[in-house]
>>> print(open('model_33.txt').read())   # compact mmCIF, C-alpha atoms
# COMPACT_ATOMS: atom_id res chain seq x y z
CA MET D 77 23.44 266.45 190.01
CA VAL D 78 26.93 267.76 189.18
CA ALA D 79 26.51 270.73 191.53
CA ASN D 80 25.51 268.41 194.40
CA TYR D 81 28.49 266.17 193.67
CA LEU D 82 30.92 269.11 193.72
CA ARG D 83 29.40 270.46 196.94
CA GLY D 84 29.84 267.02 198.48
CA ILE D 85 33.49 267.02 197.39
CA ASP D 86 34.05 270.41 199.01
CA ARG D 87 32.48 269.15 202.25
CA ALA D 88 34.70 266.06 202.20
CA VAL D 89 37.77 268.23 201.62
CA ASP D 90 36.85 270.52 204.52
CA LEU D 91 36.17 267.58 206.85
CA THR D 92 39.38 265.68 206.08
CA PRO D 93 40.91 264.85 209.48
CA PRO D 94 44.53 265.92 210.03
CA SER D 95 45.43 262.33 210.89
CA ARG D 96 44.48 261.02 207.43
CA ASN D 97 47.40 259.86 205.32
CA ARG D 98 46.61 261.76 202.14
CA VAL D 99 49.56 260.20 200.35
CA VAL D 100 47.79 256.81 200.29
CA ASP D 101 44.75 258.33 198.60
CA GLY D 102 46.94 260.33 196.26
CA TRP D 103 48.84 257.29 195.04
CA ARG D 104 45.62 255.32 194.64
CA ALA D 105 44.04 258.09 192.53
CA LEU D 106 47.19 258.42 190.41
CA ALA D 107 47.30 254.65 189.93
CA LEU D 108 43.70 254.67 188.71
CA LEU D 109 44.41 257.39 186.15
CA LEU D 110 47.47 255.48 184.94
CA VAL D 111 45.38 252.31 184.58
CA VAL D 112 42.80 254.19 182.51
CA PHE D 113 45.46 255.79 180.29
CA GLY D 114 47.31 252.49 179.95
CA HIS D 115 44.19 250.64 178.83
CA TRP D 116 43.25 253.34 176.35
CA ILE D 117 46.74 253.66 174.82
CA SER D 118 47.03 249.87 174.54
CA ALA D 119 43.83 249.60 172.48
CA SER D 120 44.76 249.09 168.86
CA ILE D 121 42.04 248.64 166.22
CA TRP D 122 42.88 248.55 162.53
CA VAL D 123 40.26 248.27 159.77
CA GLN D 124 42.34 247.15 156.80
CA PRO D 125 41.58 248.12 153.18
CA ASP D 126 39.93 244.73 152.54
CA GLY D 127 37.63 245.28 155.53
CA THR D 128 39.46 242.89 157.84
CA ILE D 129 39.35 244.11 161.45
CA LEU D 130 42.44 243.59 163.60
CA ALA D 131 41.88 244.34 167.28
CA GLY D 132 44.72 243.84 169.69
CA ASN D 133 47.25 245.45 171.98
CA THR D 134 49.47 248.32 170.85
CA LEU D 135 52.44 246.37 172.19
CA GLU D 136 51.89 243.87 169.38
CA TRP D 137 52.97 246.64 167.01
CA PHE D 138 55.68 248.07 169.30
CA PRO D 139 57.27 245.16 171.20
CA ALA D 140 60.24 247.38 172.11
CA ALA D 141 57.87 249.33 174.38
CA GLU D 142 57.34 246.36 176.70
CA HIS D 143 59.49 247.96 179.40
CA LEU D 144 57.03 250.86 179.52
CA THR D 145 54.54 248.45 181.06
CA TRP D 146 56.69 248.59 184.21
CA LEU D 147 55.50 252.18 184.49
CA PHE D 148 51.84 251.67 183.61
CA GLN D 149 51.29 248.38 185.43
CA VAL D 150 50.24 249.92 188.74
CA MET D 151 47.97 247.19 190.11
CA PRO D 152 50.54 246.53 192.88
CA ILE D 153 49.96 250.10 194.09
CA PHE D 154 46.24 249.37 194.45
CA PHE D 155 46.97 246.36 196.65
CA LEU D 156 49.67 248.24 198.60
CA ALA D 157 47.33 251.15 199.29
CA GLY D 158 44.51 248.72 199.99
CA GLY D 159 46.57 246.92 202.61
CA TYR D 160 47.38 250.23 204.27
CA ALA D 161 43.75 251.39 204.22
CA ASN D 162 42.42 248.06 205.49
CA ALA D 163 44.89 247.99 208.37
CA ALA D 164 43.95 251.54 209.33
CA ALA D 165 40.22 250.78 209.18
CA LEU D 166 40.48 247.49 211.07
CA ASP D 167 42.40 249.18 213.86
CA GLY D 168 39.39 251.37 214.54
CA SER D 169 36.63 248.83 213.83
CA PRO D 170 35.04 247.14 216.86
CA ASP D 171 32.79 244.91 214.71
CA ILE D 172 34.67 242.81 212.15
CA ARG D 173 31.52 241.43 210.54
CA THR D 174 30.11 244.89 209.91
CA TRP D 175 33.47 246.09 208.58
CA VAL D 176 33.80 243.22 206.09
CA THR D 177 30.18 243.66 204.99
CA SER D 178 30.68 247.37 204.35
CA ARG D 179 33.85 246.78 202.34
CA VAL D 180 32.28 243.98 200.28
CA ARG D 181 29.22 246.06 199.44
CA ARG D 182 31.36 249.05 198.50
CA LEU D 183 33.25 246.91 196.01
CA TYR D 184 30.46 244.71 194.71
CA THR D 185 27.53 247.14 194.45
CA PRO D 186 28.94 249.02 191.40
CA VAL D 187 29.66 245.72 189.59
CA VAL D 188 26.07 244.54 189.17
CA PRO D 189 24.94 247.48 186.97
CA LEU D 190 27.91 246.83 184.67
CA ILE D 191 26.89 243.19 184.22
CA VAL D 192 23.21 244.03 183.70
CA VAL D 193 23.94 246.79 181.17
CA TRP D 194 26.21 244.55 179.12
CA VAL D 195 23.68 241.73 179.10
CA ILE D 196 21.15 244.20 177.68
CA LEU D 197 23.67 245.57 175.15
CA VAL D 198 24.56 242.08 173.93
CA ALA D 199 20.89 241.13 173.58
CA VAL D 200 20.17 244.30 171.58
CA LEU D 201 23.30 244.46 169.42
CA ARG D 202 23.91 240.79 168.64
CA PRO D 203 21.54 240.68 165.63
CA TYR D 204 23.31 243.63 164.00
CA ILE D 205 27.01 243.28 164.90
CA PRO D 206 29.32 240.33 164.16
CA SER D 207 29.53 237.95 167.10
CA ASN D 208 33.32 238.21 167.34
CA VAL D 209 33.05 241.99 167.76
CA VAL D 210 30.32 241.61 170.41
CA HIS D 211 32.42 239.03 172.25
CA ALA D 212 35.59 241.14 172.12
CA GLY D 213 33.78 244.27 173.28
CA THR D 214 32.05 242.50 176.15
CA ILE D 215 35.20 240.77 177.35
CA SER D 216 37.12 244.04 177.19
CA ALA D 217 34.43 245.98 179.07
CA THR D 218 34.15 243.45 181.90
CA LEU D 219 37.90 242.79 182.16
CA PRO D 220 38.36 245.11 185.20
CA VAL D 221 36.12 242.87 187.30
CA TRP D 222 39.06 240.50 187.91
CA PHE D 223 40.51 243.02 190.36
CA ILE D 224 37.21 243.18 192.28
CA ALA D 225 37.14 239.37 192.58
CA VAL D 226 40.67 239.18 193.97
CA TYR D 227 40.35 242.22 196.19
CA LEU D 228 37.11 240.87 197.68
CA VAL D 229 39.15 237.86 198.80
CA MET D 230 41.79 240.16 200.31
CA VAL D 231 39.12 242.13 202.19
CA THR D 232 37.39 239.01 203.49
CA LEU D 233 40.69 237.60 204.75
CA ALA D 234 41.99 240.95 206.04
CA PRO D 235 41.06 240.41 209.71
CA LEU D 236 43.01 237.13 209.65
CA THR D 237 45.97 238.30 207.56
CA LEU D 238 46.39 241.46 209.66
CA ARG D 239 46.47 239.32 212.79
CA TRP D 240 49.06 237.10 211.07
CA TRP D 241 51.14 240.16 210.17
CA ARG D 242 51.02 241.50 213.76
CA ARG D 243 52.08 238.10 215.09
CA SER D 244 54.73 237.14 212.51
CA GLY D 245 55.81 240.38 210.83
CA ALA D 246 58.26 239.97 207.98
CA ARG D 247 58.06 236.18 208.24
CA SER D 248 54.56 236.34 206.78
CA LEU D 249 55.96 238.16 203.74
CA LEU D 250 58.68 235.54 203.33
CA VAL D 251 56.11 232.72 203.52
CA LEU D 252 53.89 234.30 200.87
CA ALA D 253 56.86 235.10 198.62
CA ALA D 254 58.17 231.54 198.96
CA CYS D 255 54.74 230.10 198.11
CA ALA D 256 54.37 232.37 195.07
CA LEU D 257 57.87 231.58 193.79
CA SER D 258 57.25 227.86 194.31
CA ILE D 259 54.08 228.09 192.23
CA ASP D 260 56.05 229.88 189.50
CA GLY D 261 58.67 227.15 189.66
CA LEU D 262 56.09 224.40 189.24
CA ARG D 263 54.30 226.35 186.51
CA PHE D 264 57.40 226.95 184.40
CA GLY D 265 59.82 224.25 185.54
CA LEU D 266 57.40 221.31 185.37
CA ASP D 267 55.16 222.83 182.69
CA LEU D 268 52.06 222.91 184.90
CA PRO D 269 50.28 226.03 183.64
CA ALA D 270 47.05 225.43 185.58
CA ILE D 271 48.77 225.71 188.96
CA GLY D 272 49.69 229.31 188.18
CA TRP D 273 46.13 230.41 188.97
CA VAL D 274 46.85 229.80 192.67
CA ASN D 275 49.11 232.85 192.55
CA TYR D 276 46.10 235.14 192.37
CA LEU D 277 46.07 234.48 196.11
CA PHE D 278 49.77 234.32 197.01
CA VAL D 279 51.09 237.18 194.84
CA TRP D 280 48.41 239.72 195.71
CA ALA D 281 48.31 238.67 199.37
CA PHE D 282 52.05 239.39 199.51
CA VAL D 283 51.53 242.89 198.10
CA HIS D 284 48.54 243.51 200.37
CA GLN D 285 50.68 242.42 203.33
CA LEU D 286 53.31 244.98 202.31
CA GLY D 287 50.57 247.56 202.82
CA TYR D 288 50.23 246.38 206.43
CA ALA D 289 53.94 246.93 206.89
CA TRP D 290 53.63 250.44 205.49
CA PHE D 291 50.78 251.26 207.89
CA ASP D 292 52.50 249.87 210.97
CA ARG D 293 55.70 251.76 210.24
CA ASN D 294 53.73 255.01 210.02
CA ARG D 295 51.62 254.14 213.06
CA THR D 296 54.69 253.70 215.23
CA ASP D 297 56.32 256.88 213.87
CA ARG D 298 59.01 254.86 212.10
CA PRO D 299 58.32 255.69 208.44
CA VAL D 300 60.49 254.03 205.83
CA SER D 301 63.54 256.22 205.32
CA PHE D 302 64.65 257.71 202.01
CA THR D 303 67.68 255.40 201.99
CA ALA D 304 65.56 252.31 202.60
CA GLY D 305 63.25 253.46 199.82
CA VAL D 306 66.15 253.76 197.38
CA VAL D 307 67.33 250.26 198.35
CA ALA D 308 63.83 248.78 197.85
CA LEU D 309 63.39 250.58 194.53
CA ALA D 310 66.79 249.42 193.27
CA ALA D 311 66.31 245.87 194.55
CA GLY D 312 62.85 245.46 193.01
CA LEU D 313 63.90 246.83 189.64
CA GLY D 314 67.22 244.98 189.76
CA VAL D 315 65.60 241.60 190.30
CA LEU D 316 63.06 242.35 187.56
CA ILE D 317 65.84 243.22 185.14
CA ILE D 318 67.68 239.99 185.96
CA THR D 319 64.68 237.65 185.92
CA THR D 320 63.27 239.08 182.70
CA GLY D 321 66.72 239.24 181.14
CA ILE D 322 67.37 235.52 181.64
CA GLY D 323 63.85 234.69 180.46
CA TRP D 324 62.42 233.53 183.78
CA TYR D 325 59.59 236.07 183.44
CA PRO D 326 58.25 237.89 180.37
CA VAL D 327 59.31 241.54 180.04
CA SER D 328 55.78 242.85 179.60
CA MET D 329 53.83 243.36 182.81
CA VAL D 330 50.51 243.24 180.96
CA THR D 331 48.87 240.47 178.99
CA ILE D 332 49.44 240.66 175.23
CA PRO D 333 46.95 238.65 173.13
CA GLY D 334 48.81 235.79 171.50
CA GLY D 335 51.96 236.77 173.37
CA GLY D 336 52.43 233.46 175.17
CA ILE D 337 53.23 233.39 178.89
CA SER D 338 51.78 236.32 180.82
CA ASN D 339 52.85 237.97 184.06
CA MET D 340 49.23 238.86 184.81
CA THR D 341 46.92 236.06 183.69
CA PRO D 342 47.67 234.35 185.97
CA PRO D 343 50.06 236.58 187.94
CA THR D 344 53.69 235.71 188.49
CA PHE D 345 55.87 236.95 191.33
CA ALA D 346 57.27 239.50 188.90
CA ASN D 347 54.40 241.55 190.34
CA GLY D 348 55.88 241.02 193.80
CA PHE D 349 59.23 242.41 192.68
CA LEU D 350 57.45 245.30 190.99
CA ALA D 351 55.53 245.92 194.24
CA ILE D 352 58.80 246.14 196.16
CA ALA D 353 59.99 248.73 193.63
CA HIS D 354 56.69 250.60 193.99
CA ALA D 355 57.02 250.58 197.78
CA GLY D 356 60.50 252.04 197.41
CA LEU D 357 59.25 254.70 195.01
CA ILE D 358 56.50 255.67 197.45
CA ALA D 359 59.04 256.03 200.27
CA VAL D 360 61.47 258.04 198.13
CA SER D 361 58.76 260.42 196.92
CA MET D 362 57.01 260.77 200.30
CA PRO D 363 58.09 264.37 201.07
CA LEU D 364 57.01 265.58 197.63
CA ALA D 365 53.74 263.61 197.78
CA ARG D 366 52.90 265.12 201.17
CA ARG D 367 53.50 268.65 199.94
CA LEU D 368 51.33 268.08 196.89
CA THR D 369 48.41 266.40 198.67
CA ASP D 370 48.44 269.11 201.36
CA ARG D 371 47.50 271.64 198.68
CA ARG D 372 43.76 272.13 198.51
CA PRO D 373 43.42 272.05 194.68
CA VAL D 374 45.38 268.79 194.48
CA TRP D 375 43.56 267.23 197.42
CA ARG D 376 40.23 268.26 195.90
CA ILE D 377 41.10 266.35 192.71
CA VAL D 378 42.15 263.32 194.77
CA VAL D 379 38.89 263.38 196.74
CA ALA D 380 36.82 263.86 193.56
CA VAL D 381 38.47 260.86 191.88
CA SER D 382 38.31 258.73 195.04
CA ALA D 383 34.56 259.33 195.44
CA VAL D 384 33.84 257.51 192.17
CA MET D 385 37.00 255.43 191.87
CA MET D 386 35.32 252.07 191.34
CA THR D 387 32.87 253.56 188.83
CA ILE D 388 35.70 255.05 186.75
CA TYR D 389 37.62 251.79 186.95
CA LEU D 390 34.65 249.65 185.96
CA TRP D 391 33.26 251.81 183.14
CA HIS D 392 36.29 253.30 181.36
CA LEU D 393 36.62 250.20 179.19
CA THR D 394 32.92 250.28 178.37
CA ALA D 395 33.57 253.74 176.93
CA LEU D 396 36.38 252.19 174.88
CA SER D 397 34.18 249.32 173.67
CA LEU D 398 31.34 251.64 172.67
CA LEU D 399 33.65 254.01 170.81
CA GLY D 400 35.38 251.06 169.17
CA ALA D 401 32.10 249.61 167.92
CA ALA D 402 30.93 253.01 166.66
CA GLY D 403 34.26 253.73 164.96
CA ILE D 404 34.26 250.42 163.14
CA PHE D 405 30.79 250.78 161.65
CA ILE D 406 30.47 254.54 161.12
CA GLY D 407 32.02 255.91 157.93
CA ASP D 408 33.22 252.48 156.82
CA GLY D 409 35.64 252.40 159.74
CA TRP D 410 37.57 255.53 158.71
CA LEU D 411 38.55 256.30 162.33
CA PHE D 412 40.48 253.02 162.52
CA SER D 413 41.65 252.84 158.92
CA PHE D 414 45.19 254.00 159.74
CA GLU D 415 47.87 251.44 160.44
CA PRO D 416 48.99 251.53 164.10
CA GLY D 417 52.23 253.42 164.52
CA THR D 418 51.87 255.66 161.49
CA PRO D 419 51.75 259.48 162.01
CA PRO D 420 47.97 259.74 161.35
CA TRP D 421 47.37 257.00 163.92
CA TRP D 422 49.34 258.91 166.55
CA TRP D 423 47.65 262.23 165.74
CA LEU D 424 44.24 260.65 166.14
CA ARG D 425 45.13 259.49 169.68
CA VAL D 426 44.45 263.02 170.97
CA PRO D 427 40.78 263.31 169.85
CA PHE D 428 40.37 259.59 170.53
CA PHE D 429 41.31 260.12 174.19
CA GLY D 430 39.16 263.24 174.36
CA VAL D 431 36.05 261.37 173.24
CA LEU D 432 36.84 258.49 175.61
CA ALA D 433 37.17 260.94 178.51
CA VAL D 434 33.79 262.51 177.71
CA LEU D 435 32.11 259.12 177.41
CA THR D 436 33.62 258.00 180.71
CA VAL D 437 32.44 261.16 182.47
CA VAL D 438 28.92 260.55 181.16
CA LEU D 439 28.98 256.93 182.32
CA VAL D 440 30.30 257.95 185.74
CA ALA D 441 27.55 260.58 186.03
CA VAL D 442 24.93 257.93 185.25
CA PHE D 443 26.28 255.07 187.36
CA GLY D 444 28.32 256.82 190.07
CA SER D 445 25.37 256.85 192.48
CA PHE D 446 25.68 253.07 192.90
CA GLU D 447 29.11 253.58 194.44
CA ARG D 448 28.24 256.61 196.53
CA ASN D 449 24.97 255.26 197.94
CA ILE D 450 25.72 251.74 199.09
CA ASN D 451 23.54 249.98 201.64
CA ARG D 452 25.07 250.88 205.01
CA ARG D 453 22.78 248.80 207.17
CA PRO D 454 24.54 246.25 209.40
CA PRO D 455 24.48 242.65 208.14
CA GLN D 456 21.22 240.85 208.76
CA GLY D 457 20.59 237.17 209.43
CA ASN D 458 22.88 234.48 210.76
CA ARG D 459 26.56 234.11 210.01
CA MET D 460 26.08 231.32 207.47
CA VAL D 461 23.83 233.52 205.32
CA TRP D 462 26.26 236.42 205.74
CA PHE D 463 29.22 234.32 204.67
CA ALA D 464 27.25 232.85 201.75
CA GLY D 465 26.59 236.39 200.49
CA ILE D 466 30.30 237.21 200.53
CA VAL D 467 31.25 233.96 198.79
CA ALA D 468 28.52 234.56 196.19
CA ALA D 469 29.85 238.07 195.47
CA ILE D 470 33.36 236.68 195.00
CA GLY D 471 32.04 233.88 192.79
CA ALA D 472 29.94 236.21 190.62
CA THR D 473 32.84 238.58 189.97
CA ALA D 474 35.25 235.71 189.32
CA LEU D 475 32.88 234.11 186.80
CA THR D 476 32.34 237.45 185.07
CA ALA D 477 36.07 238.08 184.78
CA PHE D 478 37.42 234.65 183.98
CA VAL D 479 34.53 232.93 182.16
CA GLY D 480 32.73 235.91 180.66
CA ILE D 481 29.06 236.77 180.35
CA VAL D 482 29.10 235.79 176.66
CA THR D 483 30.47 232.87 174.68
CA HIS D 484 32.64 233.24 171.57
CA ASP D 485 29.52 233.24 169.38
CA ALA D 486 28.06 236.04 171.58
CA ALA D 487 25.49 233.82 173.31
CA ILE D 488 24.79 235.05 176.84
CA ASN D 489 25.87 232.85 179.73
CA TRP D 490 22.63 233.56 181.59
CA TYR D 491 23.72 231.78 184.76
CA ILE D 492 26.36 234.46 185.41
CA PRO D 493 24.09 237.55 185.52
CA ALA D 494 21.51 235.48 187.42
CA PHE D 495 24.15 234.49 189.96
CA ALA D 496 25.33 238.11 190.19
CA VAL D 497 21.83 239.34 191.05
CA ILE D 498 21.33 236.56 193.61
CA ALA D 499 24.70 237.48 195.19
CA ALA D 500 23.58 241.11 195.41
CA VAL D 501 20.41 240.11 197.24
CA VAL D 502 22.09 237.69 199.64
CA SER D 503 24.94 240.08 200.45
CA GLY D 504 22.49 242.95 201.01
CA SER D 505 24.25 245.13 198.46
CA TYR D 506 21.07 247.11 197.79
CA ARG D 507 18.59 248.30 200.36
CA ILE D 508 15.10 247.03 199.64
CA ARG D 509 12.70 249.59 200.98
CA PRO D 510 9.61 248.13 202.58
CA THR D 511 6.31 249.15 201.04
CA SER D 512 4.01 251.23 203.23
>>> encode(input="model_33.txt", output="structure tokens")
Amino acid sequence: MVANYLRGIDRAVDLTPPSRNRVVDGWRALALLLVVFGHWISASIWVQPDGTILAGNTLEWFPAAEHLTWLFQVMPIFFLAGGYANAAALDGSPDIRTWVTSRVRRLYTPVVPLIVVWVILVAVLRPYIPSNVVHAGTISATLPVWFIAVYLVMVTLAPLTLRWWRRSGARSLLVLAACALSIDGLRFGLDLPAIGWVNYLFVWAFVHQLGYAWFDRNRTDRPVSFTAGVVALAAGLGVLIITTGIGWYPVSMVTIPGGGISNMTPPTFANGFLAIAHAGLIAVSMPLARRLTDRRPVWRIVVAVSAVMMTIYLWHLTALSLLGAAGIFIGDGWLFSFEPGTPPWWWLRVPFFGVLAVLTVVLVAVFGSFERNINRRPPQGNRMVWFAGIVAAIGATALTAFVGIVTHDAAINWYIPAFAVIAAVVSGSYRIRPTS
């Protein structure tokens, strides 16, 4: 299995067309690795001498490190690179319906095994593990699905938003930014927290639209200059410094349990300013990034990561949850008996990460085939059924991420996995081979 995978990577490397923008793939792969590292370093479990288990975010122990989240919060890069890739693919796609179907299946197909496995794990482990631990582990493991839900919306709307970008250009960015900032104003100024959820659309659509701008500049041989990159980087960071300094937005770019207002759940336009800074950083580092990704060993790593990107993203927190559960109950919780921030705690990060990496590799080896072998058949049936499949996939991922497949007492919300399976069937995510 591993040998076949590596041979496939070598073939993909050899067949990479000269016209491919390797920098986009390189940044996306780097962003994924930073997400994985950020999630792992933020996990903080402490089994106290009296047996009390405290599970939270490392930033709860080191609030001064909140500015480091500006480095590790790289979700804007995913949407930037996604906008670029979607614009490039749509330019060469004669059949929009087939293109959207392919993209939706590529994103949604790896999600269903994650949901099914965790339903089984909860059913098996619930009699033996405290319900709060089961709930926390399940929520943590399925947390990445929020990105799939939002990105499925971006993909579905891409043919329309790209047309809007080509017609209106920078005005479309201004409209989206104004809408997102208005939502923030209503959320904070009038104390209407529920309206903030609308910004899952406006904020990430703005960043995705920036990806269109990036593609069109490259397509017309007018890449963003080094000077313009410096200006964008300085402007994005400058506005973030000001808006967080005066208290308009929280400093942390990740959600901290019990930390009050979050820039991520739901998103604020602080992510838009961070995306502008990221776009500037990409432009400034473009010559170096091109030299690196042109090297075969580097490009081989990028291709290898990209081939199983969604699997790594979806399963790296399952590895964390499994190791966390094992560490709590094996050896009376010795692995997590050290107070976060003490020297033993820091020393144990090294083997902790090593075990997590091994577990993630094993999970990717087991479940990576779902990502690599999606159903590539054109969409079947009429347009209403086709659209219902896409909406169902978005709904299933949104419910998994924002409601959860378990309740606080670890009871399974059976309607969510059932809906997820129905969505897989309607969207044609898996090929059903006819019997002979």
>>> residues_around(input="model_33.txt", residues="segment 95-104 of chain D", least_positions_apart="4", cutoff="9 Å", atoms="all atoms listed in the file", output="PDB file with C-alpha atoms, in the coordinates of the input")
ATOM      1  CA  LEU D 108      43.700 254.670 188.710  1.00  0.00           C
ATOM      2  CA  LEU D 109      44.410 257.390 186.150  1.00  0.00           C
ATOM      3  CA  ILE D 153      49.960 250.100 194.090  1.00  0.00           C
ATOM      4  CA  PHE D 154      46.240 249.370 194.450  1.00  0.00           C
ATOM      5  CA  LEU D 156      49.670 248.240 198.600  1.00  0.00           C
ATOM      6  CA  ALA D 157      47.330 251.150 199.290  1.00  0.00           C
ATOM      7  CA  GLY D 158      44.510 248.720 199.990  1.00  0.00           C
ATOM      8  CA  TYR D 160      47.380 250.230 204.270  1.00  0.00           C
ATOM      9  CA  ALA D 161      43.750 251.390 204.220  1.00  0.00           C
ATOM     10  CA  ILE D 358      56.500 255.670 197.450  1.00  0.00           C
ATOM     11  CA  MET D 362      57.010 260.770 200.300  1.00  0.00           C
ATOM     12  CA  ALA D 365      53.740 263.610 197.780  1.00  0.00           C
ATOM     13  CA  ARG D 366      52.900 265.120 201.170  1.00  0.00           C
ATOM     14  CA  LEU D 368      51.330 268.080 196.890  1.00  0.00           C
ATOM     15  CA  THR D 369      48.410 266.400 198.670  1.00  0.00           C
ATOM     16  CA  ASP D 370      48.440 269.110 201.360  1.00  0.00           C
ATOM     17  CA  VAL D 374      45.380 268.790 194.480  1.00  0.00           C
ATOM     18  CA  TRP D 375      43.560 267.230 197.420  1.00  0.00           C
ATOM     19  CA  VAL D 378      42.150 263.320 194.770  1.00  0.00           C
ATOM     20  CA  VAL D 379      38.890 263.380 196.740  1.00  0.00           C
ATOM     21  CA  SER D 382      38.310 258.730 195.040  1.00  0.00           C
TER      22      SER D 382
END
>>> residues_around(input="model_33.txt", residues="Val209 of chain D", least_positions_apart="2", cutoff="12 Å", atoms="only C-alpha atoms", output="MDAnalysis selection string")
chainID D and resid 121 128:132 198 201:207 211:216 397:398 400:402 404:405 482:486
>>> closest_residue(input="model_33.txt", among="D:Val180, D:His284, D:Leu399, D:Asp408", to="Gly127 of chain D", atoms="only C-alpha atoms")
D:Asp408
>>> atom_distance(input="model_33.txt", atom1="atom CA of Ala433 of chain D", atom2="atom CA of His392 of chain D")
8.2 Å
>>> residues_around(input="model_33.txt", residues="segment 84-92 of chain D", least_positions_apart="6", cutoff="9 Å", atoms="all atoms listed in the file", output="PyMOL selection string")
chain D and resi 372+375-377+379-380+383
>>> closest_atom_pairs(input="model_33.txt", of="segment 122-175 of chain D", to="segment 336-344 of chain D", cutoff="12 Å", atoms="all atoms listed in the file", output="Markdown table")
| residue | atom | partner | partner_atom | distance |
| --- | --- | --- | --- | --- |
| D:Glu136 | CA | D:Gly336 | CA | 11.9 |
| D:Thr145 | CA | D:Asn339 | CA | 11.0 |
| D:Trp146 | CA | D:Asn339 | CA | 11.3 |
| D:Gln149 | CA | D:Met340 | CA | 9.8 |
| D:Val150 | CA | D:Met340 | CA | 11.8 |
| D:Met151 | CA | D:Met340 | CA | 10.0 |
| D:Pro152 | CA | D:Pro343 | CA | 11.1 |
>>> closest_residue(input="model_33.txt", among="D:Met385, D:Leu475, D:Leu396, D:Ile488", to="Val440 of chain D", atoms="only C-alpha atoms")
D:Met385
>>> atom_distance(input="model_33.txt", atom1="atom CA of Gly444 of chain D", atom2="atom CA of Thr232 of chain D")
24.1 Å
>>> atom_distance(input="model_33.txt", atom1="atom CA of Trp241 of chain D", atom2="atom CA of Asp292 of chain D")
9.8 Å
>>> residues_around(input="model_33.txt", residues="Trp175 of chain D", least_positions_apart="5", cutoff="9 Å", atoms="all atoms listed in the file", output="PDB file with C-alpha atoms, in the frame of the given file")
ATOM      1  CA  ALA D 165      40.220 250.780 209.180  1.00  0.00           C
ATOM      2  CA  LEU D 166      40.480 247.490 211.070  1.00  0.00           C
ATOM      3  CA  SER D 169      36.630 248.830 213.830  1.00  0.00           C
ATOM      4  CA  PRO D 170      35.040 247.140 216.860  1.00  0.00           C
ATOM      5  CA  VAL D 180      32.280 243.980 200.280  1.00  0.00           C
ATOM      6  CA  PRO D 454      24.540 246.250 209.400  1.00  0.00           C
TER       7      PRO D 454
END
>>> closest_residue(input="model_33.txt", among="D:Asn458, D:Phe148, D:Val467, D:Leu197", to="Val111 of chain D", atoms="all atoms listed in the file")
D:Phe148
>>> residues_around(input="model_33.txt", residues="segment 224-230 of chain D", least_positions_apart="3", cutoff="7 Å", atoms="all atoms listed in the file", output="number ranges by chain")
D: 180, 183, 221, 233-234, 276, 281, 470, 473-474
>>> closest_residue(input="model_33.txt", among="D:Ala270, D:Leu106, D:Ala163, D:Leu357", to="Trp240 of chain D", atoms="all atoms listed in the file")
D:Ala163
>>> closest_residue(input="model_33.txt", among="D:Asp297, D:Arg367, D:Val461, D:Leu190", to="Pro220 of chain D", atoms="only C-alpha atoms")
D:Leu190
>>> residues_near_point(input="model_33.txt", point="(25.0, 246.8, 191.2)", cutoff="9 Å", atoms="all atoms listed in the file", output="PDB file with C-alpha atoms, keeping the file's coordinate frame")
ATOM      1  CA  TYR D 184      30.460 244.710 194.710  1.00  0.00           C
ATOM      2  CA  THR D 185      27.530 247.140 194.450  1.00  0.00           C
ATOM      3  CA  PRO D 186      28.940 249.020 191.400  1.00  0.00           C
ATOM      4  CA  VAL D 187      29.660 245.720 189.590  1.00  0.00           C
ATOM      5  CA  VAL D 188      26.070 244.540 189.170  1.00  0.00           C
ATOM      6  CA  PRO D 189      24.940 247.480 186.970  1.00  0.00           C
ATOM      7  CA  LEU D 190      27.910 246.830 184.670  1.00  0.00           C
ATOM      8  CA  ILE D 191      26.890 243.190 184.220  1.00  0.00           C
ATOM      9  CA  VAL D 192      23.210 244.030 183.700  1.00  0.00           C
ATOM     10  CA  PHE D 446      25.680 253.070 192.900  1.00  0.00           C
ATOM     11  CA  GLU D 447      29.110 253.580 194.440  1.00  0.00           C
ATOM     12  CA  ALA D 496      25.330 238.110 190.190  1.00  0.00           C
ATOM     13  CA  VAL D 497      21.830 239.340 191.050  1.00  0.00           C
ATOM     14  CA  ALA D 500      23.580 241.110 195.410  1.00  0.00           C
ATOM     15  CA  SER D 505      24.250 245.130 198.460  1.00  0.00           C
ATOM     16  CA  TYR D 506      21.070 247.110 197.790  1.00  0.00           C
TER      17      TYR D 506
END
>>> residues_near_point(input="model_33.txt", point="(26.2, 241.0, 212.0)", cutoff="10 Å", atoms="only C-alpha atoms", output="list in words")
Asp171, Ile172, Arg173, Thr174, Trp175, Val176, Thr177, Arg453, Pro454, Pro455, Gln456, Gly457, Asn458, Arg459 and Trp462 of chain D
>>> closest_residue(input="model_33.txt", among="D:Ile481, D:Gly168, D:Asn275, D:Leu364", to="Leu262 of chain D", atoms="all atoms listed in the file")
D:Asn275
